[in-house]
file run-v3.cif (mmCIF, C-alpha atoms)
data_input
loop_
_atom_site.label_atom_id
_atom_site.label_comp_id
_atom_site.auth_asym_id
_atom_site.auth_seq_id
_atom_site.Cartn_x
_atom_site.Cartn_y
_atom_site.Cartn_z
CA MET A 5 2.62 14.71 -14.03
CA ALA A 6 2.16 12.45 -11.03
CA ASN A 7 -1.27 12.50 -9.41
CA SER A 8 -0.18 12.53 -5.80
CA LEU A 9 -3.44 13.76 -4.39
CA ILE A 10 -6.25 12.03 -6.26
CA SER A 11 -8.96 11.03 -3.84
CA LEU A 12 -10.69 7.72 -3.35
CA ILE A 13 -13.66 7.03 -5.56
CA SER A 14 -16.75 5.04 -4.66
CA ASP A 15 -18.27 2.19 -6.65
CA SER A 16 -21.49 4.16 -7.00
CA GLU A 17 -19.55 6.97 -8.70
CA LEU A 18 -17.76 4.60 -11.07
CA LEU A 19 -20.04 1.71 -11.94
CA PRO A 20 -22.94 3.41 -13.74
CA GLY A 21 -20.52 5.24 -16.05
CA LEU A 22 -18.55 2.06 -16.74
CA LEU A 23 -21.65 0.06 -17.56
CA ALA A 24 -22.84 2.89 -19.82
CA GLY A 25 -19.44 2.88 -21.58
CA GLU A 26 -18.50 6.45 -20.66
CA LYS A 27 -14.92 7.36 -21.48
CA THR A 28 -14.37 9.42 -18.32
CA ALA A 29 -15.45 6.47 -16.18
CA PHE A 30 -12.75 4.31 -17.78
CA GLU A 31 -10.21 7.07 -17.19
CA ASN A 32 -11.18 7.22 -13.53
CA LEU A 33 -11.00 3.45 -13.26
CA VAL A 34 -7.47 3.39 -14.68
CA ARG A 35 -6.37 6.47 -12.72
CA HIS A 36 -7.40 4.92 -9.42
CA TYR A 37 -6.60 1.25 -9.90
CA HIS A 38 -3.98 0.59 -12.57
CA GLU A 39 -0.93 1.22 -10.36
CA PRO A 40 -2.32 -0.58 -7.29
CA MET A 41 -3.16 -3.53 -9.56
CA LYS A 42 0.41 -3.51 -10.82
CA TYR A 43 1.75 -3.64 -7.26
CA VAL A 44 -0.44 -6.67 -6.56
CA ALA A 45 0.90 -8.39 -9.69
CA GLN A 46 4.49 -7.47 -8.80
CA ALA A 47 4.11 -9.00 -5.37
CA ILE A 48 3.01 -12.30 -6.91
CA VAL A 49 4.82 -12.70 -10.20
CA GLY A 50 7.66 -10.15 -10.01
CA GLU A 51 8.25 -6.83 -11.70
CA ALA A 52 9.15 -8.16 -15.17
CA GLN A 53 5.75 -9.73 -15.78
CA ALA A 54 3.55 -7.47 -13.69
CA GLU A 55 2.50 -5.14 -16.48
CA GLU A 56 1.48 -8.06 -18.71
CA SER A 57 -0.58 -9.51 -15.87
CA VAL A 58 -2.39 -6.20 -15.47
CA GLN A 59 -3.08 -6.01 -19.20
CA GLU A 60 -4.57 -9.52 -19.08
CA ALA A 61 -6.57 -8.51 -16.03
CA TRP A 62 -8.02 -5.48 -17.81
CA ILE A 63 -9.15 -7.71 -20.68
CA SER A 64 -10.83 -9.98 -18.16
CA VAL A 65 -12.45 -6.98 -16.47
CA ILE A 66 -13.94 -5.77 -19.76
CA ARG A 67 -15.14 -9.31 -20.55
CA ASN A 68 -16.89 -9.69 -17.20
CA LEU A 69 -17.94 -6.16 -16.33
CA GLN A 70 -21.58 -6.63 -17.30
CA GLU A 71 -21.77 -9.66 -15.00
CA PHE A 72 -20.22 -7.87 -12.00
CA GLN A 73 -22.74 -8.55 -9.26
CA GLY A 74 -21.40 -6.30 -6.53
CA ARG A 75 -20.95 -9.19 -4.10
CA SER A 76 -17.59 -7.64 -3.24
CA SER A 77 -16.46 -4.07 -3.76
CA LEU A 78 -15.27 -3.15 -7.25
CA LYS A 79 -11.68 -2.74 -6.06
CA THR A 80 -11.61 -6.13 -4.31
CA TRP A 81 -12.97 -7.64 -7.54
CA LEU A 82 -10.27 -5.90 -9.60
CA PHE A 83 -7.47 -6.95 -7.24
CA SER A 84 -8.72 -10.54 -7.19
CA ILE A 85 -8.75 -10.64 -11.00
CA VAL A 86 -5.20 -9.32 -11.30
CA ALA A 87 -4.00 -11.63 -8.52
CA ASN A 88 -5.51 -14.62 -10.36
CA GLU A 89 -3.88 -13.55 -13.62
CA ALA A 90 -0.52 -13.18 -11.88
CA LYS A 91 -0.86 -16.52 -10.08
CA SER A 92 -1.78 -18.21 -13.33
CA ARG A 93 1.32 -16.72 -14.95
CA LEU A 94 3.40 -17.85 -12.00
CA ARG A 95 2.12 -21.42 -12.35
CA LYS A 96 3.12 -21.42 -16.00
CA ASN A 97 6.59 -20.23 -15.01
CA ARG A 98 7.14 -22.80 -12.32
CA SER A 99 7.26 -26.52 -12.78
CA THR A 100 6.53 -26.99 -9.10
CA GLN A 101 4.66 -24.42 -7.10
CA GLY A 102 5.77 -24.04 -3.50
CA LYS A 103 4.25 -21.81 -0.90
CA ARG A 104 5.25 -18.25 -1.46
CA GLU A 105 7.81 -16.97 0.97
CA VAL A 106 7.91 -13.38 2.03
CA ALA A 107 11.34 -11.94 2.73
CA LEU A 108 11.08 -10.69 6.28
CA ASP A 109 14.78 -10.31 6.97
CA GLU A 110 15.48 -7.52 4.53
CA GLN A 111 18.28 -5.05 5.00
CA PRO A 112 17.29 -2.81 7.90
CA GLY A 113 17.09 0.95 7.56
CA GLY A 114 15.82 3.88 9.60
CA LEU A 115 14.07 2.66 12.69
CA LEU A 116 15.20 -0.91 12.10
CA ASP A 117 18.81 0.26 12.19
CA SER A 118 20.65 -1.06 15.25
CA GLY A 119 22.48 2.28 15.60
CA ARG A 120 19.17 3.80 16.62
CA TRP A 121 18.96 1.65 19.77
CA GLN A 122 20.82 1.06 23.01
CA LYS A 123 21.64 -2.50 24.01
CA ASP A 124 18.76 -2.56 26.50
CA GLY A 125 16.26 -1.55 23.77
CA HIS A 126 15.93 2.12 24.74
CA TRP A 127 16.23 4.87 22.16
CA GLN A 128 19.83 5.76 21.30
CA GLU A 129 18.61 8.55 19.06
CA ALA A 130 15.16 9.68 20.12
CA PRO A 131 12.58 10.72 17.52
CA ALA A 132 12.56 14.48 17.00
CA ALA A 133 9.25 16.33 17.11
CA TRP A 134 8.08 17.21 13.60
CA HIS A 135 7.19 20.78 12.68
CA ASP A 136 4.56 19.38 10.34
CA ASN A 137 2.55 17.31 12.77
CA SER A 138 -0.49 16.65 10.61
CA PRO A 139 -0.94 14.90 7.25
CA GLU A 140 -2.26 18.15 5.75
CA MET A 141 0.89 20.04 6.75
CA LEU A 142 3.22 17.37 5.40
CA LEU A 143 1.34 16.99 2.14
CA SER A 144 1.27 20.76 1.64
CA HIS A 145 4.98 20.57 0.70
CA GLU A 146 5.49 19.64 -2.93
CA ASP A 147 8.99 18.41 -2.06
CA PHE A 148 7.52 16.07 0.53
CA ARG A 149 5.03 14.67 -1.98
CA ASN A 150 7.87 14.02 -4.41
CA CYS A 151 9.89 12.30 -1.66
CA LEU A 152 6.85 10.20 -0.80
CA ASP A 153 6.41 9.11 -4.42
CA LYS A 154 10.09 8.14 -4.58
CA THR A 155 9.91 6.22 -1.31
CA LEU A 156 6.80 4.32 -2.40
CA ALA A 157 8.40 3.53 -5.76
CA LYS A 158 11.49 2.12 -4.07
CA LEU A 159 9.84 0.07 -1.34
CA PRO A 160 11.54 -3.32 -1.18
CA PRO A 161 10.57 -6.06 -1.51
CA GLU A 162 7.62 -5.64 -3.90
CA ASP A 163 5.30 -7.18 -1.32
CA GLN A 164 5.69 -4.11 0.87
CA LYS A 165 4.42 -1.84 -1.88
CA ALA A 166 1.45 -4.10 -2.53
CA VAL A 167 0.36 -4.45 1.09
CA LEU A 168 0.85 -0.78 1.82
CA THR A 169 -1.19 0.19 -1.22
CA LEU A 170 -3.96 -2.30 -0.47
CA ARG A 171 -4.14 -1.56 3.24
CA ASP A 172 -3.40 2.12 3.70
CA TYR A 173 -4.57 3.61 0.44
CA GLN A 174 -7.22 1.18 -0.72
CA GLY A 175 -8.39 0.41 2.83
CA LEU A 176 -8.81 -3.34 2.32
CA GLU A 177 -9.23 -5.62 5.32
CA LEU A 178 -6.27 -7.79 6.34
CA GLU A 179 -8.19 -10.94 5.41
CA GLU A 180 -8.86 -9.61 1.90
CA ILE A 181 -5.17 -8.81 1.44
CA CYS A 182 -4.19 -12.31 2.62
CA ASN A 183 -6.58 -13.84 0.09
CA ILE A 184 -5.48 -11.62 -2.77
CA LEU A 185 -1.73 -11.99 -2.25
CA GLY A 186 -1.74 -15.51 -0.85
CA VAL A 187 0.34 -14.68 2.23
CA SER A 188 -0.40 -15.19 5.91
CA ALA A 189 -1.99 -12.50 8.09
CA SER A 190 1.12 -12.26 10.24
CA ASN A 191 3.30 -11.68 7.19
CA VAL A 192 0.91 -9.03 5.90
CA ARG A 193 1.08 -7.21 9.23
CA VAL A 194 4.88 -7.32 9.30
CA LEU A 195 5.11 -6.05 5.71
CA ILE A 196 2.69 -3.18 6.37
CA HIS A 197 4.58 -2.11 9.46
CA ARG A 198 7.99 -2.25 7.76
CA ALA A 199 6.70 -0.23 4.83
CA ARG A 200 5.30 2.40 7.20
CA LEU A 201 8.61 2.53 9.08
CA ARG A 202 10.38 3.31 5.81
CA VAL A 203 7.95 6.13 5.08
CA TYR A 204 8.36 7.32 8.69
CA ALA A 205 12.15 7.38 8.26
CA MET A 206 11.78 9.41 5.06
CA ALA A 207 9.39 11.87 6.76
CA GLU A 208 11.72 12.18 9.74
CA HIS A 209 14.66 12.94 7.45
CA PHE A 210 12.54 15.41 5.48
CA GLU A 211 11.56 17.20 8.68
CA GLU A 212 15.22 17.51 9.68
CA THR A 213 16.72 18.46 6.32
CA GLY A 214 13.94 19.40 3.90
CA LYS A 215 15.22 16.65 1.60
CA CYS A 216 14.37 12.99 0.90
CA MET B 15 8.73 -5.33 30.40
CA LEU B 16 8.25 -4.13 26.83
CA ASN B 17 11.13 -1.95 25.63
CA CYS B 18 11.11 0.89 23.11
CA LYS B 19 12.77 -1.08 20.31
CA THR B 20 10.22 -3.90 20.44
CA LEU B 21 7.33 -1.46 20.58
CA VAL B 22 8.62 0.50 17.58
CA GLN B 23 9.80 -2.41 15.45
CA GLN B 24 7.08 -4.94 16.17
CA HIS B 25 3.95 -3.58 17.82
CA ALA B 26 3.27 0.00 16.76
CA SER B 27 1.17 -0.62 13.64
CA ASP B 28 -0.71 -3.48 15.29
CA TYR B 29 -1.41 -1.14 18.21
CA LEU B 30 -2.82 1.54 15.89
CA GLU B 31 -4.98 -1.04 14.12
CA GLN B 32 -6.09 -2.78 17.32
CA GLN B 33 -4.57 -6.07 16.26
CA LEU B 34 -2.73 -6.77 19.53
CA THR B 35 -3.79 -9.32 22.14
CA PHE B 36 -5.22 -7.94 25.38
CA ARG B 37 -1.92 -8.52 27.23
CA GLN B 38 0.12 -6.88 24.47
CA ARG B 39 -2.23 -3.88 24.35
CA ILE B 40 -1.96 -3.36 28.11
CA SER B 41 1.80 -3.68 27.87
CA VAL B 42 2.03 -1.09 25.07
CA ARG B 43 -0.29 1.33 26.89
CA ALA B 44 1.71 1.01 30.12
CA HIS B 45 4.91 1.70 28.19
CA LEU B 46 3.42 4.73 26.45
CA VAL B 47 2.36 6.23 29.79
CA LEU B 48 5.98 6.19 30.90
CA CYS B 49 7.85 6.88 27.65
CA LYS B 50 7.66 10.31 26.01
CA ASN B 51 9.81 9.24 23.03
CA CYS B 52 7.56 6.32 22.15
CA ARG B 53 4.44 8.48 22.59
CA ARG B 54 5.94 10.90 20.09
CA PHE B 55 6.85 8.06 17.74
CA VAL B 56 3.35 6.52 17.82
CA SER B 57 1.76 9.92 17.35
CA GLN B 58 3.97 10.60 14.30
CA LEU B 59 3.40 7.10 12.92
CA LYS B 60 -0.32 7.96 12.99
CA VAL B 61 0.47 10.98 10.82
CA VAL B 62 2.40 8.74 8.39
CA ARG B 63 -0.55 6.36 8.23
CA SER B 64 -2.90 9.24 7.46
CA VAL B 65 -0.52 10.55 4.80
CA LEU B 66 -0.58 7.15 3.13
CA LEU B 67 -4.38 7.01 3.28
CA ARG B 68 -4.42 10.13 1.11
CA SER B 69 -1.56 9.41 -1.25
CA PRO B 70 -2.23 6.96 -4.03
CA PRO B 71 0.66 5.76 -6.11
CA PRO B 72 1.09 7.97 -9.13
CA LEU B 73 0.38 7.13 -12.76
CA GLU B 74 1.27 9.52 -15.55
CA GLU B 75 -1.87 11.16 -16.99
CA THR B 76 -0.80 10.31 -20.53
CA GLN B 77 -0.72 6.63 -19.55
CA VAL B 78 -4.14 6.96 -17.93
CA GLN B 79 -5.57 8.35 -21.16
CA SER B 80 -3.88 5.73 -23.30
CA ILE B 81 -4.94 2.69 -21.25
CA ALA B 82 -8.45 4.05 -20.69
CA ALA B 83 -8.89 4.65 -24.45
CA LYS B 84 -8.04 0.98 -25.14
CA LEU B 85 -10.45 -0.24 -22.46
CA HIS B 86 -13.17 2.08 -23.67
CA SER B 87 -12.72 0.84 -27.22
CA ALA B 88 -12.67 -2.84 -26.14
CA HIS B 89 -15.85 -2.29 -24.14
CA HIS B 90 -17.61 -0.82 -27.19
CA GLN B 91 -16.41 -3.64 -29.44
CA ARG B 92 -17.69 -6.18 -26.98
CA ASN B 93 -21.08 -4.54 -26.66
CA LYS B 94 -21.45 -4.34 -30.45
CA SER B 95 -20.75 -8.04 -30.99
#

call {"tool": "encode", "arguments": {"input": "run-v3.cif", "output": "structure tokens"}}
result
Amino acid sequence: MANSLISLISDSELLPGLLAGEKTAFENLVRHYHEPMKYVAQAIVGEAQAEESVQEAWISVIRNLQEFQGRSSLKTWLFSIVANEAKSRLRKNRSTQGKREVALDEQPGGLLDSGRWQKDGHWQEAPAAWHDNSPEMLLSHEDFRNCLDKTLAKLPPEDQKAVLTLRDYQGLELEEICNILGVSASNVRVLIHRARLRVYAMAEHFEETGKC
Amino acid sequence: MLNCKTLVQQHASDYLEQQLTFRQRISVRAHLVLCKNCRRFVSQLKVVRSVLLRSPPPLEETQVQSIAAKLHSAHHQRNKS
């Protein structure tokens, strides 16, 4: 079953248990960070090799856990490790490494759709007021949570999923995301916004029809 | 003057996260005073942002248990040696 509503966990809740080798601490670590780590790897090395990068990263985490100094947060440390693993894999795959390019001209949808706008930039189809006008109300619908999971799973390109996860769910600073993914701040901001617009479009459709 | 399309497609998230320049911020605020549709959009985008703050990507519980068991075991092996 998907864990759509697991809450954030603090380093102080996780670290002592990890260092003591408690099984539940490792379960919490994986529950909270495995998928976000995979999105980071996907953004760098592509979907096919993301899982392997995460596996390598976990080995590195176990190897270095006792030396974790807490200079950064645990999650920033984890994301940096997986990003380094993915970058290393990418270097092996490429004979020449160019600067990563982020696809910013993806196929538009929802609010990026030209049919939504008049020629002068005014709304052609204005946004309807939502019945569920709070996060609690939206998330109270199981169907909405399922739609949200599907939308997040389908976010293209992979960079969008990574930045959205790191920024909105993990709460990382823009600068940290730039460092982890190796993309510019302006690209990160564009990717975050486009990902949110896709989720907005899904929520809007859900409000109108009750479906994804 | 800033139009609705530009505000929605380019500036809305930066506005919410206070990443706009002073001039851009003034321009967005002036637009929002006059435009009910964009006010509604920005308000609902805030809801989307809050939804995402609370909704981690899912991982099957069986996978959680399986991966965690391997890590737990590797950690014990390492501490023994």

call {"tool": "closest_atom_pairs", "arguments": {"input": "run-v3.cif", "of": "chain A", "to": "chain B", "cutoff": "8 Å", "atoms": "only C-alpha atoms", "output": "tab-separated table"}}
result
residue	atom	partner	partner_atom	distance
A:Met5	CA	B:Glu74	CA	5.6
A:Ala6	CA	B:Pro72	CA	5.0
A:Asn7	CA	B:Pro72	CA	5.1
A:Ser8	CA	B:Ser69	CA	5.7
A:Leu9	CA	B:Ser69	CA	5.7
A:Ile10	CA	B:Pro70	CA	6.8
A:Ser11	CA	B:Arg68	CA	6.8
A:Gly25	CA	B:His86	CA	6.7
A:Glu26	CA	B:His86	CA	7.5
A:Lys27	CA	B:His86	CA	6.0
A:Phe30	CA	B:Ala82	CA	5.2
A:Glu31	CA	B:Ala82	CA	4.9
A:Leu33	CA	B:Ala82	CA	7.9
A:Val34	CA	B:Val78	CA	5.9
A:Arg35	CA	B:Val78	CA	5.7
A:His36	CA	B:Pro70	CA	7.7
A:His38	CA	B:Leu73	CA	7.9
A:Glu39	CA	B:Pro71	CA	6.4
A:Pro40	CA	B:Pro71	CA	7.1
A:Trp62	CA	B:Leu85	CA	7.4
A:Ile63	CA	B:Leu85	CA	7.8
A:Ile66	CA	B:His89	CA	5.9
A:Arg67	CA	B:Arg92	CA	7.6
A:Leu115	CA	B:Gln23	CA	7.2
A:Leu116	CA	B:Gln23	CA	6.5
A:Trp121	CA	B:Lys19	CA	6.8
A:Asp124	CA	B:Asn17	CA	7.7
A:Gly125	CA	B:Lys19	CA	4.9
A:His126	CA	B:Cys18	CA	5.2
A:Trp127	CA	B:Cys18	CA	6.6
A:Ala130	CA	B:Asn51	CA	6.1
A:Pro131	CA	B:Phe55	CA	6.3
A:Ala133	CA	B:Arg54	CA	7.0
A:Trp134	CA	B:Gln58	CA	7.8
A:Asn137	CA	B:Val61	CA	6.9
A:Ser138	CA	B:Val61	CA	5.8
A:Pro139	CA	B:Val65	CA	5.0
A:Glu140	CA	B:Val65	CA	7.9
A:Leu142	CA	B:Val65	CA	7.8
A:Leu143	CA	B:Val65	CA	7.2
A:Asp153	CA	B:Pro71	CA	6.9
A:Leu156	CA	B:Pro71	CA	7.3
A:Thr169	CA	B:Pro70	CA	7.4
A:Asp172	CA	B:Leu67	CA	5.0
A:Tyr173	CA	B:Leu67	CA	4.4
A:Gln174	CA	B:Leu67	CA	7.6
A:Gly175	CA	B:Leu67	CA	7.7
A:Arg193	CA	B:Asp28	CA	7.3
A:Val194	CA	B:Gln24	CA	7.6
A:Ile196	CA	B:Ser27	CA	7.9
A:His197	CA	B:Ser27	CA	5.6
A:Arg198	CA	B:Gln23	CA	7.9
A:Arg200	CA	B:Val62	CA	7.1
A:Leu201	CA	B:Leu59	CA	7.9
A:Val203	CA	B:Val62	CA	7.0
A:Tyr204	CA	B:Val62	CA	6.1
A:Ala207	CA	B:Val62	CA	7.8

call {"tool": "residues_around", "arguments": {"input": "run-v3.cif", "residues": "A:Val65", "least_positions_apart": "3", "cutoff": "10 Å", "atoms": "only C-alpha atoms", "output": "VMD selection string"}}
result
(chain A and resid 59 to 62 68 to 72 81 to 82 85 to 86) or (chain B and resid 85 89)

call {"tool": "write_last_selection", "arguments": {"input": "run-v3.cif", "atoms": "C-alpha atoms", "output": "PDB file, in the frame of the given file"}}
result
ATOM      1  CA  GLN A  59      -3.080  -6.010 -19.200  1.00  0.00           C
ATOM      2  CA  GLU A  60      -4.570  -9.520 -19.080  1.00  0.00           C
ATOM      3  CA  ALA A  61      -6.570  -8.510 -16.030  1.00  0.00           C
ATOM      4  CA  TRP A  62      -8.020  -5.480 -17.810  1.00  0.00           C
ATOM      5  CA  ASN A  68     -16.890  -9.690 -17.200  1.00  0.00           C
ATOM      6  CA  LEU A  69     -17.940  -6.160 -16.330  1.00  0.00           C
ATOM      7  CA  GLN A  70     -21.580  -6.630 -17.300  1.00  0.00           C
ATOM      8  CA  GLU A  71     -21.770  -9.660 -15.000  1.00  0.00           C
ATOM      9  CA  PHE A  72     -20.220  -7.870 -12.000  1.00  0.00           C
ATOM     10  CA  TRP A  81     -12.970  -7.640  -7.540  1.00  0.00           C
ATOM     11  CA  LEU A  82     -10.270  -5.900  -9.600  1.00  0.00           C
ATOM     12  CA  ILE A  85      -8.750 -10.640 -11.000  1.00  0.00           C
ATOM     13  CA  VAL A  86      -5.200  -9.320 -11.300  1.00  0.00           C
TER      14      VAL A  86
ATOM     15  CA  LEU B  85     -10.450  -0.240 -22.460  1.00  0.00           C
ATOM     16  CA  HIS B  89     -15.850  -2.290 -24.140  1.00  0.00           C
TER      17      HIS B  89
END

call {"tool": "closest_residue", "arguments": {"input": "run-v3.cif", "among": "A:Asp117, A:Glu55, A:Asp15, A:Glu211", "to": "A:Asp136", "atoms": "only C-alpha atoms"}}
result
A:Glu211

call {"tool": "closest_residue", "arguments": {"input": "run-v3.cif", "among": "A:Ile48, A:His135, A:Gln53, A:Ala189", "to": "A:Gly214", "atoms": "only C-alpha atoms"}}
result
A:His135

call {"tool": "axis_aligned_box", "arguments": {"input": "run-v3.cif", "around": "stretch 19-25 of chain B", "padding_each_side": "8 Å", "output": "AutoDock Vina command-line options"}}
result
--center_x 8.4 --center_y -2.2 --center_z 18.0 --size_x 24.8 --size_y 21.4 --size_z 21.1

call {"tool": "atom_distance", "arguments": {"input": "run-v3.cif", "atom1": "atom CA of A:Pro20", "atom2": "atom CA of A:Gly74"}}
result
12.2 Å

call {"tool": "atom_distance", "arguments": {"input": "run-v3.cif", "atom1": "atom CA of A:Asn32", "atom2": "atom CA of A:Leu18"}}
result
7.5 Å

call {"tool": "atom_distance", "arguments": {"input": "run-v3.cif", "atom1": "atom CA of A:Glu56", "atom2": "atom CA of A:Asn88"}}
result
12.7 Å

call {"tool": "resolve_selection", "arguments": {"input": "run-v3.cif", "expression": "the PyMOL selection byres ((chain A and resi 51) around 12)", "output": "NGL selection string"}}
result
:A and (42-50 or 52-58 or 90 or 157 or 160-163 or 165-166)

call {"tool": "decode", "arguments": {"input": "run-v3.cif", "residues": "stretch 19-92 of chain B", "atoms": "C-alpha atoms", "output": "PDB file, in the first residue's frame"}}
result
ATOM      1  CA  LYS B  19      -0.426  34.396 -18.669  1.00  0.00           C
ATOM      2  CA  THR B  20       3.034  35.637 -17.698  1.00  0.00           C
ATOM      3  CA  LEU B  21       2.106  35.783 -14.028  1.00  0.00           C
ATOM      4  CA  VAL B  22       0.728  32.230 -14.067  1.00  0.00           C
ATOM      5  CA  GLN B  23       3.347  30.613 -16.282  1.00  0.00           C
ATOM      6  CA  GLN B  24       6.468  32.387 -15.071  1.00  0.00           C
ATOM      7  CA  HIS B  25       6.135  34.259 -11.794  1.00  0.00           C
ATOM      8  CA  ALA B  26       3.631  32.579  -9.488  1.00  0.00           C
ATOM      9  CA  SER B  27       5.943  30.139  -7.677  1.00  0.00           C
ATOM     10  CA  ASP B  28       8.723  32.715  -7.430  1.00  0.00           C
ATOM     11  CA  TYR B  29       6.164  35.119  -5.955  1.00  0.00           C
ATOM     12  CA  LEU B  30       5.110  32.570  -3.320  1.00  0.00           C
ATOM     13  CA  GLU B  31       8.745  31.868  -2.451  1.00  0.00           C
ATOM     14  CA  GLN B  32       9.792  35.531  -2.487  1.00  0.00           C
ATOM     15  CA  GLN B  33      12.298  34.963  -5.257  1.00  0.00           C
ATOM     16  CA  LEU B  34      11.192  37.891  -7.439  1.00  0.00           C
ATOM     17  CA  THR B  35      13.093  41.155  -7.842  1.00  0.00           C
ATOM     18  CA  PHE B  36      11.580  44.217  -6.184  1.00  0.00           C
ATOM     19  CA  ARG B  37      10.175  45.480  -9.506  1.00  0.00           C
ATOM     20  CA  GLN B  38       8.687  42.091 -10.372  1.00  0.00           C
ATOM     21  CA  ARG B  39       7.122  41.758  -6.919  1.00  0.00           C
ATOM     22  CA  ILE B  40       5.485  45.184  -7.185  1.00  0.00           C
ATOM     23  CA  SER B  41       4.254  44.307 -10.653  1.00  0.00           C
ATOM     24  CA  VAL B  42       2.724  41.009  -9.474  1.00  0.00           C
ATOM     25  CA  ARG B  43       1.096  42.647  -6.449  1.00  0.00           C
ATOM     26  CA  ALA B  44      -0.392  45.421  -8.600  1.00  0.00           C
ATOM     27  CA  HIS B  45      -1.772  42.812 -10.990  1.00  0.00           C
ATOM     28  CA  LEU B  46      -3.267  40.757  -8.164  1.00  0.00           C
ATOM     29  CA  VAL B  47      -5.071  43.820  -6.777  1.00  0.00           C
ATOM     30  CA  LEU B  48      -6.868  44.193 -10.090  1.00  0.00           C
ATOM     31  CA  CYS B  49      -7.323  40.579 -11.204  1.00  0.00           C
ATOM     32  CA  LYS B  50      -9.731  38.284  -9.359  1.00  0.00           C
ATOM     33  CA  ASN B  51      -8.860  35.267 -11.533  1.00  0.00           C
ATOM     34  CA  CYS B  52      -5.146  35.505 -10.805  1.00  0.00           C
ATOM     35  CA  ARG B  53      -5.835  36.042  -7.086  1.00  0.00           C
ATOM     36  CA  ARG B  54      -7.830  32.820  -7.134  1.00  0.00           C
ATOM     37  CA  PHE B  55      -5.089  31.035  -9.068  1.00  0.00           C
ATOM     38  CA  VAL B  56      -2.320  32.125  -6.673  1.00  0.00           C
ATOM     39  CA  SER B  57      -4.452  31.218  -3.678  1.00  0.00           C
ATOM     40  CA  GLN B  58      -5.098  27.731  -5.109  1.00  0.00           C
ATOM     41  CA  LEU B  59      -1.443  27.308  -6.095  1.00  0.00           C
ATOM     42  CA  LYS B  60      -0.647  27.889  -2.407  1.00  0.00           C
ATOM     43  CA  VAL B  61      -2.963  24.993  -1.582  1.00  0.00           C
ATOM     44  CA  VAL B  62      -1.146  22.806  -4.135  1.00  0.00           C
ATOM     45  CA  ARG B  63       2.181  23.745  -2.592  1.00  0.00           C
ATOM     46  CA  SER B  64       0.905  22.817   0.863  1.00  0.00           C
ATOM     47  CA  VAL B  65      -0.465  19.520  -0.461  1.00  0.00           C
ATOM     48  CA  LEU B  66       2.969  18.700  -1.841  1.00  0.00           C
ATOM     49  CA  LEU B  67       4.635  19.599   1.459  1.00  0.00           C
ATOM     50  CA  ARG B  68       2.579  16.838   3.073  1.00  0.00           C
ATOM     51  CA  SER B  69       2.674  14.197   0.375  1.00  0.00           C
ATOM     52  CA  PRO B  70       5.864  12.217   0.056  1.00  0.00           C
ATOM     53  CA  PRO B  71       6.284   9.940  -2.912  1.00  0.00           C
ATOM     54  CA  PRO B  72       5.057   6.472  -2.062  1.00  0.00           C
ATOM     55  CA  LEU B  73       7.115   3.329  -1.553  1.00  0.00           C
ATOM     56  CA  GLU B  74       5.478  -0.044  -1.057  1.00  0.00           C
ATOM     57  CA  GLU B  75       5.780  -1.178   2.574  1.00  0.00           C
ATOM     58  CA  THR B  76       7.086  -4.580   1.494  1.00  0.00           C
ATOM     59  CA  GLN B  77       9.944  -2.833  -0.321  1.00  0.00           C
ATOM     60  CA  VAL B  78      10.625  -0.706   2.749  1.00  0.00           C
ATOM     61  CA  GLN B  79      10.950  -3.830   4.882  1.00  0.00           C
ATOM     62  CA  SER B  80      13.112  -5.614   2.338  1.00  0.00           C
ATOM     63  CA  ILE B  81      15.595  -2.779   1.750  1.00  0.00           C
ATOM     64  CA  ALA B  82      15.727  -1.870   5.444  1.00  0.00           C
ATOM     65  CA  ALA B  83      16.470  -5.508   6.381  1.00  0.00           C
ATOM     66  CA  LYS B  84      19.470  -5.514   4.003  1.00  0.00           C
ATOM     67  CA  LEU B  85      20.772  -2.222   5.400  1.00  0.00           C
ATOM     68  CA  HIS B  86      20.254  -3.375   8.958  1.00  0.00           C
ATOM     69  CA  SER B  87      22.150  -6.582   8.242  1.00  0.00           C
ATOM     70  CA  ALA B  88      24.985  -4.733   6.448  1.00  0.00           C
ATOM     71  CA  HIS B  89      25.275  -2.340   9.377  1.00  0.00           C
ATOM     72  CA  HIS B  90      25.612  -5.243  11.829  1.00  0.00           C
ATOM     73  CA  GLN B  91      28.187  -6.998   9.644  1.00  0.00           C
ATOM     74  CA  ARG B  92      30.214  -3.831   9.445  1.00  0.00           C
TER      75      ARG B  92
END
